[in-house]
Structure formats: C-alpha cells, structure tokens
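For reference, work_37.cif is printed below; it contains mmCIF, C-alpha atoms.
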data_start
loop_
_atom_site.group_PDB
_atom_site.id
_atom_site.type_symbol
_atom_site.label_atom_id
_atom_site.label_comp_id
_atom_site.auth_asym_id
_atom_site.auth_seq_id
_atom_site.Cartn_x
_atom_site.Cartn_y
_atom_site.Cartn_z
ATOM 1 C CA MET A 16 129.599 50.805 131.477
ATOM 2 C CA PRO A 17 130.624 50.385 135.163
ATOM 3 C CA ASN A 18 132.933 47.485 135.990
ATOM 4 C CA VAL A 19 131.590 44.221 137.358
ATOM 5 C CA ASP A 20 132.386 45.011 141.000
ATOM 6 C CA GLU A 21 130.568 48.353 140.813
ATOM 7 C CA MET A 22 127.558 46.727 139.159
ATOM 8 C CA LEU A 23 127.493 43.955 141.760
ATOM 9 C CA GLN A 24 127.590 46.431 144.651
ATOM 10 C CA ALA A 25 124.803 48.471 143.054
ATOM 11 C CA TYR A 26 122.685 45.344 142.661
ATOM 12 C CA LYS A 27 123.341 44.196 146.242
ATOM 13 C CA ALA A 28 122.039 47.536 147.512
ATOM 14 C CA ASP A 29 118.665 46.817 145.903
ATOM 15 C CA ARG A 30 118.670 43.063 145.254
ATOM 16 C CA TYR A 31 115.213 43.110 143.677
ATOM 17 C CA LEU A 32 115.380 39.414 142.713
ATOM 18 C CA ARG A 33 116.114 38.065 146.162
ATOM 19 C CA ARG A 34 112.677 36.472 146.603
ATOM 20 C CA ALA A 35 112.525 34.917 143.129
ATOM 21 C CA VAL A 36 112.941 31.138 143.242
ATOM 22 C CA ASP A 37 115.854 29.523 141.409
ATOM 23 C CA ILE A 38 113.741 28.223 138.537
ATOM 24 C CA ALA A 39 112.303 31.720 138.030
ATOM 25 C CA LEU A 40 115.850 33.058 137.653
ATOM 26 C CA GLU A 41 116.641 30.468 134.981
ATOM 27 C CA GLU A 42 113.429 31.285 133.134
ATOM 28 C CA ARG A 43 114.271 34.975 133.375
ATOM 29 C CA LEU A 44 117.688 34.426 131.787
ATOM 30 C CA GLN A 45 116.118 32.456 128.940
ATOM 31 C CA SER A 46 113.439 35.094 128.394
ATOM 32 C CA ILE A 47 115.998 37.903 128.233
ATOM 33 C CA ALA A 48 118.191 35.920 125.831
ATOM 34 C CA ARG A 49 115.221 35.338 123.497
ATOM 35 C CA ASN A 50 114.944 39.097 123.118
ATOM 36 C CA LEU A 51 118.612 39.668 122.291
ATOM 37 C CA TRP A 52 118.272 38.829 118.611
ATOM 38 C CA SER A 53 116.463 40.021 115.537
ATOM 39 C CA THR A 54 116.997 39.593 111.768
ATOM 40 C CA ASP A 55 118.244 41.819 108.975
ATOM 41 C CA ARG A 56 116.417 42.295 105.665
ATOM 42 C CA HIS A 57 117.911 39.052 104.337
ATOM 43 C CA GLY A 58 116.714 37.029 107.318
ATOM 44 C CA ASN A 59 120.145 36.700 108.968
ATOM 45 C CA VAL A 60 120.278 36.669 112.774
ATOM 46 C CA VAL A 61 121.637 39.952 114.183
ATOM 47 C CA ALA A 62 121.654 41.778 117.510
ATOM 48 C CA THR A 63 118.408 43.374 118.578
ATOM 49 C CA ARG A 64 117.966 46.522 116.487
ATOM 50 C CA ASP A 65 117.409 49.065 119.234
ATOM 51 C CA PRO A 66 120.704 49.776 121.086
ATOM 52 C CA ASN A 67 118.781 51.002 124.131
ATOM 53 C CA HIS A 68 116.845 47.742 124.286
ATOM 54 C CA ARG A 69 120.114 45.811 124.039
ATOM 55 C CA LYS A 70 121.694 47.837 126.853
ATOM 56 C CA THR A 71 118.672 47.298 129.111
ATOM 57 C CA LEU A 72 118.498 43.573 128.386
ATOM 58 C CA LEU A 73 122.198 43.007 129.060
ATOM 59 C CA LYS A 74 121.965 44.891 132.361
ATOM 60 C CA LEU A 75 119.002 42.737 133.457
ATOM 61 C CA TYR A 76 120.834 39.589 132.357
ATOM 62 C CA ILE A 77 123.932 40.501 134.368
ATOM 63 C CA GLU A 78 121.888 41.361 137.455
ATOM 64 C CA THR A 79 120.134 37.993 137.263
ATOM 65 C CA LEU A 80 123.545 36.316 137.155
ATOM 66 C CA PHE A 81 124.513 38.383 140.207
ATOM 67 C CA GLU A 82 121.533 37.002 142.122
ATOM 68 C CA GLN A 83 122.538 33.457 141.211
ATOM 69 C CA LYS A 84 126.111 34.208 142.311
ATOM 70 C CA LEU A 85 124.968 35.535 145.678
ATOM 71 C CA ARG A 86 123.035 32.324 146.303
ATOM 72 C CA HIS A 87 125.516 29.935 144.741
ATOM 73 C CA PRO A 88 129.075 31.332 144.989
ATOM 74 C CA THR A 89 130.410 28.869 142.426
ATOM 75 C CA SER A 90 128.095 30.250 139.714
ATOM 76 C CA ASP A 91 129.899 31.717 136.712
ATOM 77 C CA LEU A 92 129.293 35.364 135.844
ATOM 78 C CA ARG A 93 130.940 35.076 132.434
ATOM 79 C CA PHE A 94 128.853 34.869 129.266
ATOM 80 C CA ASP A 95 129.252 35.585 125.569
ATOM 81 C CA GLU A 96 126.504 37.663 123.952
ATOM 82 C CA GLY A 97 127.123 36.102 120.540
ATOM 83 C CA GLN A 98 126.763 32.612 121.980
ATOM 84 C CA LEU A 99 123.583 33.636 123.779
ATOM 85 C CA ARG A 100 122.182 34.943 120.500
ATOM 86 C CA ALA A 101 123.174 31.782 118.645
ATOM 87 C CA SER A 102 121.682 29.544 121.328
ATOM 88 C CA SER A 103 118.380 31.408 121.622
ATOM 89 C CA SER A 104 117.941 31.564 117.835
ATOM 90 C CA LYS A 105 118.870 27.909 117.322
ATOM 91 C CA GLY A 106 116.462 26.315 114.897
ATOM 92 C CA PHE A 107 115.642 29.582 113.126
ATOM 93 C CA LEU A 108 116.106 29.523 109.367
ATOM 94 C CA PRO A 109 115.673 32.579 107.116
ATOM 95 C CA PRO A 110 112.256 32.212 105.470
ATOM 96 C CA ARG A 111 112.114 31.521 101.741
ATOM 97 C CA LEU A 112 110.215 34.412 100.172
ATOM 98 C CA LYS A 113 108.552 34.792 96.779
ATOM 99 C CA SER A 114 110.432 38.028 96.156
ATOM 100 C CA GLN A 115 113.309 40.000 97.621
ATOM 101 C CA ILE A 116 112.822 42.726 100.210
ATOM 102 C CA THR A 117 113.026 46.100 98.477
ATOM 103 C CA PHE A 118 111.506 48.431 101.061
ATOM 104 C CA GLY A 119 113.333 50.265 103.833
ATOM 105 C CA PRO A 120 113.195 49.689 107.577
ATOM 106 C CA GLN A 121 110.585 52.399 108.260
ATOM 107 C CA CYS A 122 107.291 50.549 107.929
ATOM 108 C CA LEU A 123 104.507 48.777 109.770
ATOM 109 C CA ALA A 124 104.387 45.001 109.399
ATOM 110 C CA LYS A 125 101.359 42.807 110.110
ATOM 111 C CA PHE A 126 102.004 39.046 110.031
ATOM 112 C CA GLY A 127 99.225 36.537 109.464
ATOM 113 C CA LYS A 128 97.508 34.083 107.149
ATOM 114 C CA TRP A 129 97.957 34.699 103.428
ATOM 115 C CA GLN A 130 94.262 35.180 102.643
ATOM 116 C CA HIS A 131 93.882 37.726 105.439
ATOM 117 C CA MET A 132 96.904 39.744 104.325
ATOM 118 C CA ILE A 133 95.821 39.711 100.661
ATOM 119 C CA SER A 134 92.347 40.847 101.658
ATOM 120 C CA ALA A 135 93.854 43.661 103.710
ATOM 121 C CA LEU A 136 95.989 44.769 100.751
ATOM 122 C CA LYS A 137 93.378 44.478 97.987
ATOM 123 C CA GLN A 138 90.230 45.575 99.827
ATOM 124 C CA GLY A 139 91.647 47.156 102.966
ATOM 125 C CA ARG A 140 89.635 44.599 104.922
ATOM 126 C CA ILE A 141 90.906 44.586 108.522
ATOM 127 C CA ARG A 142 89.586 42.808 111.588
ATOM 128 C CA VAL A 143 89.516 44.761 114.856
ATOM 129 C CA ALA A 144 89.148 42.725 118.051
ATOM 130 C CA PRO A 145 88.623 43.466 121.746
ATOM 131 C CA ALA A 146 91.746 43.211 123.885
ATOM 132 C CA SER A 147 90.044 40.544 126.014
ATOM 133 C CA ALA A 148 90.067 38.217 122.991
ATOM 134 C CA TYR A 149 93.848 37.766 123.288
ATOM 135 C CA ASN A 150 93.538 35.862 126.554
ATOM 136 C CA ASP A 151 92.587 32.794 124.528
ATOM 137 C CA PRO A 152 94.377 29.446 125.088
ATOM 138 C CA SER A 153 93.931 28.556 121.405
ATOM 139 C CA LEU A 154 96.314 31.365 120.354
ATOM 140 C CA ASN A 155 100.021 30.736 119.901
ATOM 141 C CA ALA A 156 102.540 31.963 122.480
ATOM 142 C CA ALA A 157 103.381 35.119 120.517
ATOM 143 C CA GLN A 158 99.724 36.168 120.375
ATOM 144 C CA LYS A 159 98.327 35.085 123.740
ATOM 145 C CA ASP A 160 98.502 37.749 126.434
ATOM 146 C CA GLU A 161 96.401 38.971 129.326
ATOM 147 C CA GLU A 162 95.918 42.488 128.017
ATOM 148 C CA LEU A 163 93.531 43.661 130.731
ATOM 149 C CA GLN A 164 95.719 42.863 133.730
ATOM 150 C CA HIS A 165 99.365 43.660 134.382
ATOM 151 C CA HIS A 166 101.425 43.408 137.534
ATOM 152 C CA VAL A 167 104.764 44.440 138.958
ATOM 153 C CA ARG A 168 106.652 42.946 141.886
ATOM 154 C CA THR A 169 108.053 45.165 144.625
ATOM 155 C CA PRO A 170 110.346 43.006 146.799
ATOM 156 C CA ASN A 171 111.673 46.039 148.702
ATOM 157 C CA GLU A 172 108.188 46.929 149.951
ATOM 158 C CA ARG A 173 105.805 45.001 152.138
ATOM 159 C CA ILE A 174 102.587 45.423 154.065
ATOM 160 C CA ASP A 175 103.388 45.364 157.772
ATOM 161 C CA MET A 176 100.925 43.476 159.939
ATOM 162 C CA LYS A 177 100.775 41.374 163.060
ATOM 163 C CA LEU A 178 99.233 37.924 163.032
ATOM 164 C CA TYR A 179 97.915 36.186 166.127
ATOM 165 C CA GLY A 180 96.798 32.618 166.499
ATOM 166 C CA ARG A 181 96.923 29.434 168.555
ATOM 167 C CA TYR A 182 99.086 26.433 167.815
ATOM 168 C CA ALA A 183 96.527 24.239 169.621
ATOM 169 C CA PRO A 184 92.741 24.695 169.999
ATOM 170 C CA ASP A 185 93.088 25.358 173.729
ATOM 171 C CA GLY A 186 96.522 26.977 173.548
ATOM 172 C CA GLU A 187 97.535 30.500 174.379
ATOM 173 C CA GLU A 188 97.110 33.112 171.677
ATOM 174 C CA VAL A 189 100.542 34.209 170.456
ATOM 175 C CA GLU A 190 101.968 36.404 167.738
ATOM 176 C CA ILE A 191 102.883 34.365 164.652
ATOM 177 C CA THR A 192 105.981 35.273 162.683
ATOM 178 C CA PRO A 193 104.944 35.774 159.035
ATOM 179 C CA GLN A 194 106.816 34.469 156.041
ATOM 180 C CA TRP A 195 107.284 37.606 153.952
ATOM 181 C CA GLY A 196 106.807 37.309 150.218
ATOM 182 C CA GLU A 197 106.741 39.684 147.287
ATOM 183 C CA LEU A 198 104.270 42.546 147.229
ATOM 184 C CA ILE A 199 102.524 42.453 143.859
ATOM 185 C CA ARG A 200 100.756 45.528 142.505
ATOM 186 C CA TYR A 201 98.191 45.082 139.744
ATOM 187 C CA MET A 202 96.890 47.346 136.997
ATOM 188 C CA GLN A 203 93.395 46.442 135.820
ATOM 189 C CA VAL A 204 92.449 47.837 132.407
ATOM 190 C CA THR A 205 88.946 48.273 131.025
ATOM 191 C CA ASN A 206 88.333 46.511 127.729
ATOM 192 C CA PHE A 207 89.231 48.240 124.468
ATOM 193 C CA PHE A 208 89.462 47.491 120.767
ATOM 194 C CA VAL A 209 92.934 46.914 119.359
ATOM 195 C CA TRP A 210 94.824 46.192 116.138
ATOM 196 C CA CYS A 211 98.490 45.277 116.466
ATOM 197 C CA CYS A 212 101.439 45.205 114.099
ATOM 198 C CA GLY A 213 105.215 45.448 114.209
ATOM 199 C CA LEU A 214 107.175 48.674 113.948
ATOM 200 C CA GLY A 215 109.488 47.510 111.188
ATOM 201 C CA TYR A 216 109.826 44.219 109.334
ATOM 202 C CA ASP A 217 111.500 41.291 111.103
ATOM 203 C CA SER A 218 111.386 37.923 109.344
ATOM 204 C CA ARG A 219 111.695 36.185 112.729
ATOM 205 C CA LEU A 220 107.993 36.936 113.222
ATOM 206 C CA PHE A 221 106.918 34.579 110.425
ATOM 207 C CA GLY A 222 107.741 31.699 112.729
ATOM 208 C CA GLU A 223 106.667 33.337 115.983
ATOM 209 C CA PHE A 224 103.177 34.110 114.610
ATOM 210 C CA GLN A 225 102.946 30.995 112.412
ATOM 211 C CA ALA A 226 102.370 33.400 109.519
ATOM 212 C CA GLU A 227 102.259 32.862 105.770
ATOM 213 C CA ALA A 228 102.512 36.499 104.689
ATOM 214 C CA ALA A 229 103.114 39.997 106.010
ATOM 215 C CA LEU A 230 101.293 43.196 105.104
ATOM 216 C CA ILE A 231 103.883 45.980 104.848
ATOM 217 C CA VAL A 232 102.557 49.517 105.272
ATOM 218 C CA LEU A 233 104.968 51.995 103.688
ATOM 219 C CA ASP A 234 103.054 55.250 104.205
ATOM 220 C CA GLN A 235 102.222 55.089 107.886
ATOM 221 C CA SER A 236 100.575 58.510 108.143
ATOM 222 C CA ASP A 237 98.134 57.871 105.294
ATOM 223 C CA PHE A 238 97.326 54.418 106.634
ATOM 224 C CA VAL A 239 96.554 55.804 110.097
ATOM 225 C CA ASP A 240 94.203 58.399 108.606
ATOM 226 C CA ARG A 241 92.315 55.862 106.477
ATOM 227 C CA PHE A 242 92.095 53.320 109.276
ATOM 228 C CA ALA A 243 90.888 55.864 111.841
ATOM 229 C CA ARG A 244 88.184 57.202 109.483
ATOM 230 C CA ALA A 245 86.949 53.704 108.636
ATOM 231 C CA VAL A 246 86.540 52.784 112.306
ATOM 232 C CA ALA A 247 84.937 56.147 113.156
ATOM 233 C CA ASN A 248 82.334 55.559 110.431
ATOM 234 C CA GLN A 249 81.192 52.447 112.271
ATOM 235 C CA LYS A 250 81.834 53.565 115.842
ATOM 236 C CA PRO A 251 81.660 57.367 115.982
ATOM 237 C CA ASN A 252 81.926 57.615 119.761
ATOM 238 C CA VAL A 253 85.315 55.972 120.163
ATOM 239 C CA ARG A 254 88.497 57.635 121.396
ATOM 240 C CA PHE A 255 91.449 56.678 119.193
ATOM 241 C CA GLU A 256 95.132 56.368 120.135
ATOM 242 C CA HIS A 257 98.123 54.843 118.361
ATOM 243 C CA ARG A 258 101.814 54.470 119.230
ATOM 244 C CA GLY A 259 104.532 51.984 120.003
ATOM 245 C CA ILE A 260 104.333 49.692 122.998
ATOM 246 C CA GLY A 261 106.375 50.321 126.133
ATOM 247 C CA TYR A 262 107.855 47.097 127.496
ATOM 248 C CA TYR A 263 108.271 46.633 131.238
ATOM 249 C CA ASP A 264 110.214 44.311 133.506
ATOM 250 C CA PRO A 265 107.893 43.257 136.357
ATOM 251 C CA TYR A 266 110.802 43.403 138.838
ATOM 252 C CA THR A 267 112.151 46.866 138.036
ATOM 253 C CA THR A 268 109.033 48.825 137.017
ATOM 254 C CA ARG A 269 106.732 50.715 139.349
ATOM 255 C CA ARG A 270 102.971 50.333 139.117
ATOM 256 C CA ASP A 271 102.565 54.022 138.223
ATOM 257 C CA GLN A 272 104.866 53.560 135.213
ATOM 258 C CA LEU A 273 102.418 51.233 133.482
ATOM 259 C CA THR A 274 100.218 52.740 130.769
ATOM 260 C CA PRO A 275 96.818 51.148 130.047
ATOM 261 C CA ALA A 276 96.766 49.467 126.598
ATOM 262 C CA PHE A 277 100.351 50.487 125.822
ATOM 263 C CA SER A 278 102.374 48.466 128.342
ATOM 264 C CA LYS A 279 103.496 44.916 127.719
ATOM 265 C CA ASN A 280 105.690 42.422 129.536
ATOM 266 C CA LEU A 281 109.365 42.494 128.580
ATOM 267 C CA LYS A 282 109.198 38.909 127.313
ATOM 268 C CA TYR A 283 107.405 40.221 124.202
ATOM 269 C CA LEU A 284 109.977 42.918 123.410
ATOM 270 C CA TYR A 285 111.248 41.114 120.291
ATOM 271 C CA GLN A 286 107.888 41.895 118.637
ATOM 272 C CA ASN A 287 108.566 45.671 118.665
ATOM 273 C CA GLU A 288 104.819 46.211 118.582
ATOM 274 C CA TYR A 289 102.923 49.237 117.308
ATOM 275 C CA ARG A 290 99.347 49.430 118.488
ATOM 276 C CA PHE A 291 96.066 51.017 117.382
ATOM 277 C CA VAL A 292 93.609 51.394 120.277
ATOM 278 C CA TRP A 293 89.977 52.473 120.455
ATOM 279 C CA TRP A 294 88.372 53.234 123.815
ATOM 280 C CA MET A 295 84.614 52.742 123.933
ATOM 281 C CA PRO A 296 81.944 54.517 125.979
ATOM 282 C CA GLU A 297 80.782 52.634 129.054
ATOM 283 C CA GLY A 298 78.142 50.012 128.344
ATOM 284 C CA GLU A 299 79.203 49.293 124.752
ATOM 285 C CA THR A 300 79.519 45.682 123.593
ATOM 286 C CA PHE A 301 82.863 44.266 122.510
ATOM 287 C CA ASP A 302 82.284 42.078 119.476
ATOM 288 C CA PRO A 303 85.030 41.853 116.831
ATOM 289 C CA PHE A 304 84.247 43.791 113.653
ATOM 290 C CA PHE A 305 85.681 44.400 110.172
ATOM 291 C CA VAL A 306 86.388 47.664 108.397
ATOM 292 C CA GLU A 307 87.157 48.160 104.720
ATOM 293 C CA LEU A 308 89.509 50.943 103.734
ATOM 294 C CA GLY A 309 89.451 50.147 100.046
ATOM 295 C CA SER A 310 92.614 49.035 98.284
ATOM 296 C CA ILE A 311 95.793 50.158 100.022
ATOM 297 C CA GLU A 312 98.118 48.960 97.267
ATOM 298 C CA ASP A 313 99.234 52.572 96.758
ATOM 299 C CA ILE A 314 100.687 52.726 100.294
ATOM 300 C CA ALA A 315 101.425 49.089 101.127
ATOM 301 C CA THR A 316 102.783 45.837 99.759
ATOM 302 C CA ILE A 317 102.919 42.210 100.838
ATOM 303 C CA VAL A 318 105.692 39.741 101.628
ATOM 304 C CA GLU A 319 104.795 36.102 100.976
ATOM 305 C CA LEU A 320 106.445 32.829 101.858
ATOM 306 C CA ALA A 321 107.508 30.805 98.828
#
Show me, as structure tokens, the structure contained in the file I just sent.
Amino acid sequence: MPNVDEMLQAYKADRYLRRAVDIALEERLQSIARNLWSTDRHGNVVATRDPNHRKTLLKLYIETLFEQKLRHPTSDLRFDEGQLRASSSKGFLPPRLKSQITFGPQCLAKFGKWQHMISALKQGRIRVAPASAYNDPSLNAAQKDEELQHHVRTPNERIDMKLYGRYAPDGEEVEITPQWGELIRYMQVTNFFVWCCGLGYDSRLFGEFQAEAALIVLDQSDFVDRFARAVANQKPNVRFEHRGIGYYDPYTTRRDQLTPAFSKNLKYLYQNEYRFVWWMPEGETFDPFFVELGSIEDIATIVELA
C-alpha cells in the first residue's frame, strides 16, 4: 500500500468529498466502520471476510480522514482497525443457537421469522415480493431500501450556466454568481420481483434482521433450478437473473457503473447479499406471491435461536 503522503497527494488531486458537509463525513466514517466486521461460525467478531472489501473500505476510511484533515489541520489521521471493529460491534453478542454449526461457508442464508423459515424448509413455501415493497417505513433498517432509485455524486463535474436577475424590483439586471453544489446523477429502475438472501452464513444478521431462524441452502445449484421452475409455473413470461450484489460508494462510482437490480449502497455491504430477480413484461401487476417448491430438506437445513 502507498505511504500516507502518497495517498494524501492522490486524494488532493481528486478531493471527491470536498463538498460533503462535516456531519456527512462523520456519518460516512461510521458507516464504513460498521462494514469492517463480520462473525465466524462460532459467532465471534472477526474482520470482514472478503479481503478486497476490507481493502476498499480502509481506503475510503483513510480518504475521509484526509478530507477532515484538509479542513481541520489538527484532526488526527491515526486509527486502529481493531478498535474500530470493537467499537462498531459494541453490543453484539454471539447468538445462542439450538445446535452447533456443522455446514461449511459455501451456502445461501435467509434470515427471518421462525415460522417462515420452517415453512420454507418443510414445504418450500417462499414469498416473492416486488422491489418497490422494500421502500416501506415499517421495515427495519437492514431491510428498508429504495430499490428503484439509486444515485451517485460527481463533485468534479458541474453544469455550467449563467444566471441573471435583479437585486431590486427596479434594479439593473446583472449576472448572479451561483453557489456550486454537487452534481447528482440518478438511475431509475423499473419494478421487478425479488428474493434476497446472504451469500454465506453470518450470525450478525440475526440481530440486523431481527430474525429468529435462518434457512441455510447447501446445494445452491439445485435450489436455483427448483426456485426458477416454481416461479416460471406461475409467471411464464418472466426473465430470470440471479447473482451477488455489487456495492457502490456514491462518491466514487460513476452512473454508468450501476446495474439495475444488482447495485446497492455501500452501507449495506455487511449483508453480502445474493439476489434472485424476475423482470416482468410491461403492464403486469406487482402483487407479492408465494411459490411452493416442495420440501427442500434434502438440500437445506435451518439454524434456530435457542
């Protein structure tokens, strides 16, 4: 990794956070720190599992400190990653489970209410909802998201214009100096059906999703086939996609790097989401629906809180 002086000079050349207010910088630091930890199979707090995610997060954290330093020269650039992890995970306790974890890390994990997870395991009963349903204030912070609209900020670009006006009703018309702000580019997404889960089991998500159990899919390929067929039986005209989510930082991502249905704000990175998406023909209604795959106990199991 480059030394601090080299990193600072590289940031100063771009300085993409220069228009963010001070409180936004503090919130950004907290958001990044919340993503720097995960749990092992025993529920112990560890560094985030993906080394590339960790590298990206630490770079963004350091650059945010640089911006604070440029504004407030007495700001301290020093930090301890372990202390950040301990502080952001404060209050987390490993969940007490009915049985030990015996499966490996390669799985899909869906967290939710016990009765829903049991029904999914025993009958393969799964609820599929429109993406628009997640912009619901009744959902918890881990679930609520505006799936149909994303934006990125481009502080190094602006729309040039000239403004004219009068400072008094009968005054001379003069050119008014604008106060330049951030240029925000939006991506609007048409509605789609979605089912979300985690790529891998992380006991942290019991608390984040206020869950009582987790459905653990061990044979991902077979599950995808069964799930896709069950939905196609009800909605034969859909276009199906599935893959992991790509997480973006609104300050360092271009608008053309966002992918409809598979892009999500960096603040949700800790969820390591895997997503099943169905695109509908124009004019279709978007009411939630259930599918039944039949028992999936041959390819899945369940983790329950004690």
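With atom CA of A:Leu178 on one side and atom CA of A:Gln194 on the other, the separation reads 10.9 Å.
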Exercise for review: Quick one: apply the PyMOL selection byres ((chain A and resi 309) around 12) to the file and drop the selected residues here as a PyMOL selection string.
Suggested key: chain A and resi 134-141+238+241-242+244-245+306-308+310-314
Check your understanding: Any chance you could work out the residue set of the PyMOL selection byres ((chain A and resi 279) around 7) here, as a PyMOL selection string?
Key -> chain A and resi 260-263+277-278+280-281
Within 8 Å of stretch 53-55 of chain A, counting all atoms listed in the file, which residues show up once you throw out same-chain ones fewer than 3 positions away? Write them as a tab-separated table (two decimals) with C-alpha atoms, in the coordinates of the input, please.
chain	number	residue	atom	x	y	z
A	50	ASN	CA	114.94	39.10	123.12
A	58	GLY	CA	116.71	37.03	107.32
A	59	ASN	CA	120.14	36.70	108.97
A	60	VAL	CA	120.28	36.67	112.77
A	61	VAL	CA	121.64	39.95	114.18
A	62	ALA	CA	121.65	41.78	117.51
A	63	THR	CA	118.41	43.37	118.58
A	64	ARG	CA	117.97	46.52	116.49
A	217	ASP	CA	111.50	41.29	111.10
A	218	SER	CA	111.39	37.92	109.34
A	219	ARG	CA	111.70	36.18	112.73
A	285	TYR	CA	111.25	41.11	120.29
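Taking atom CA of A:Tyr31 as the reference point, atom CA of A:Arg93 is found at 20.9 Å.
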Long-range neighbours of A:Leu51 as an mmCIF file with C-alpha atoms, in the coordinates of the input, 12 Å cut-off, all atoms listed in the file, 4 positions minimum in chain:
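Here's the written file out_7.cif:
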data_model
loop_
_atom_site.group_PDB
_atom_site.id
_atom_site.type_symbol
_atom_site.label_atom_id
_atom_site.label_comp_id
_atom_site.auth_asym_id
_atom_site.auth_seq_id
_atom_site.Cartn_x
_atom_site.Cartn_y
_atom_site.Cartn_z
ATOM 1 C CA LEU A 44 117.688 34.426 131.787
ATOM 2 C CA GLN A 45 116.118 32.456 128.940
ATOM 3 C CA SER A 46 113.439 35.094 128.394
ATOM 4 C CA ILE A 47 115.998 37.903 128.233
ATOM 5 C CA VAL A 60 120.278 36.669 112.774
ATOM 6 C CA VAL A 61 121.637 39.952 114.183
ATOM 7 C CA ALA A 62 121.654 41.778 117.510
ATOM 8 C CA THR A 63 118.408 43.374 118.578
ATOM 9 C CA ARG A 64 117.966 46.522 116.487
ATOM 10 C CA ASP A 65 117.409 49.065 119.234
ATOM 11 C CA PRO A 66 120.704 49.776 121.086
ATOM 12 C CA ASN A 67 118.781 51.002 124.131
ATOM 13 C CA HIS A 68 116.845 47.742 124.286
ATOM 14 C CA ARG A 69 120.114 45.811 124.039
ATOM 15 C CA LYS A 70 121.694 47.837 126.853
ATOM 16 C CA THR A 71 118.672 47.298 129.111
ATOM 17 C CA LEU A 72 118.498 43.573 128.386
ATOM 18 C CA LEU A 73 122.198 43.007 129.060
ATOM 19 C CA LYS A 74 121.965 44.891 132.361
ATOM 20 C CA LEU A 75 119.002 42.737 133.457
ATOM 21 C CA TYR A 76 120.834 39.589 132.357
ATOM 22 C CA ASP A 95 129.252 35.585 125.569
ATOM 23 C CA GLU A 96 126.504 37.663 123.952
ATOM 24 C CA GLY A 97 127.123 36.102 120.540
ATOM 25 C CA GLN A 98 126.763 32.612 121.980
ATOM 26 C CA LEU A 99 123.583 33.636 123.779
ATOM 27 C CA ARG A 100 122.182 34.943 120.500
ATOM 28 C CA ALA A 101 123.174 31.782 118.645
ATOM 29 C CA SER A 102 121.682 29.544 121.328
ATOM 30 C CA SER A 103 118.380 31.408 121.622
ATOM 31 C CA SER A 104 117.941 31.564 117.835
ATOM 32 C CA LEU A 281 109.365 42.494 128.580
ATOM 33 C CA LYS A 282 109.198 38.909 127.313
ATOM 34 C CA TYR A 283 107.405 40.221 124.202
ATOM 35 C CA LEU A 284 109.977 42.918 123.410
ATOM 36 C CA TYR A 285 111.248 41.114 120.291
ATOM 37 C CA GLN A 286 107.888 41.895 118.637
#
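Picked by the PyMOL selection byres ((chain A and resi 121) around 10) from the coordinates shown: Phe118, Gly119, Pro120, Cys122, Leu123, Ala124, Leu214, Gly215, Tyr216, Ile231, Val232, Leu233, Asp234 and Gln235 of chain A.
Neighbours of A:Pro296 closer than or equal to 10 Å, with only C-alpha atoms counted and sequence neighbours fewer than 4 positions away skipped, come out as Phe207, Asn252, Val253, Arg254 and Thr300 of chain A.
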Go ahead and save the picked residues with C-alpha atoms, as a PDB file, keeping the file's coordinate frame.
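New file again-v4.pdb:
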ATOM      1  CA  PHE A 207      89.231  48.240 124.468  1.00  0.00           C
ATOM      2  CA  ASN A 252      81.926  57.615 119.761  1.00  0.00           C
ATOM      3  CA  VAL A 253      85.315  55.972 120.163  1.00  0.00           C
ATOM      4  CA  ARG A 254      88.497  57.635 121.396  1.00  0.00           C
ATOM      5  CA  THR A 300      79.519  45.682 123.593  1.00  0.00           C
TER       6      THR A 300
END
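Distances here use only C-alpha atoms; by that measure, the residue among A:Tyr179, A:Phe208, A:Val246, A:Asp37 closest to A:Pro145 is A:Phe208.
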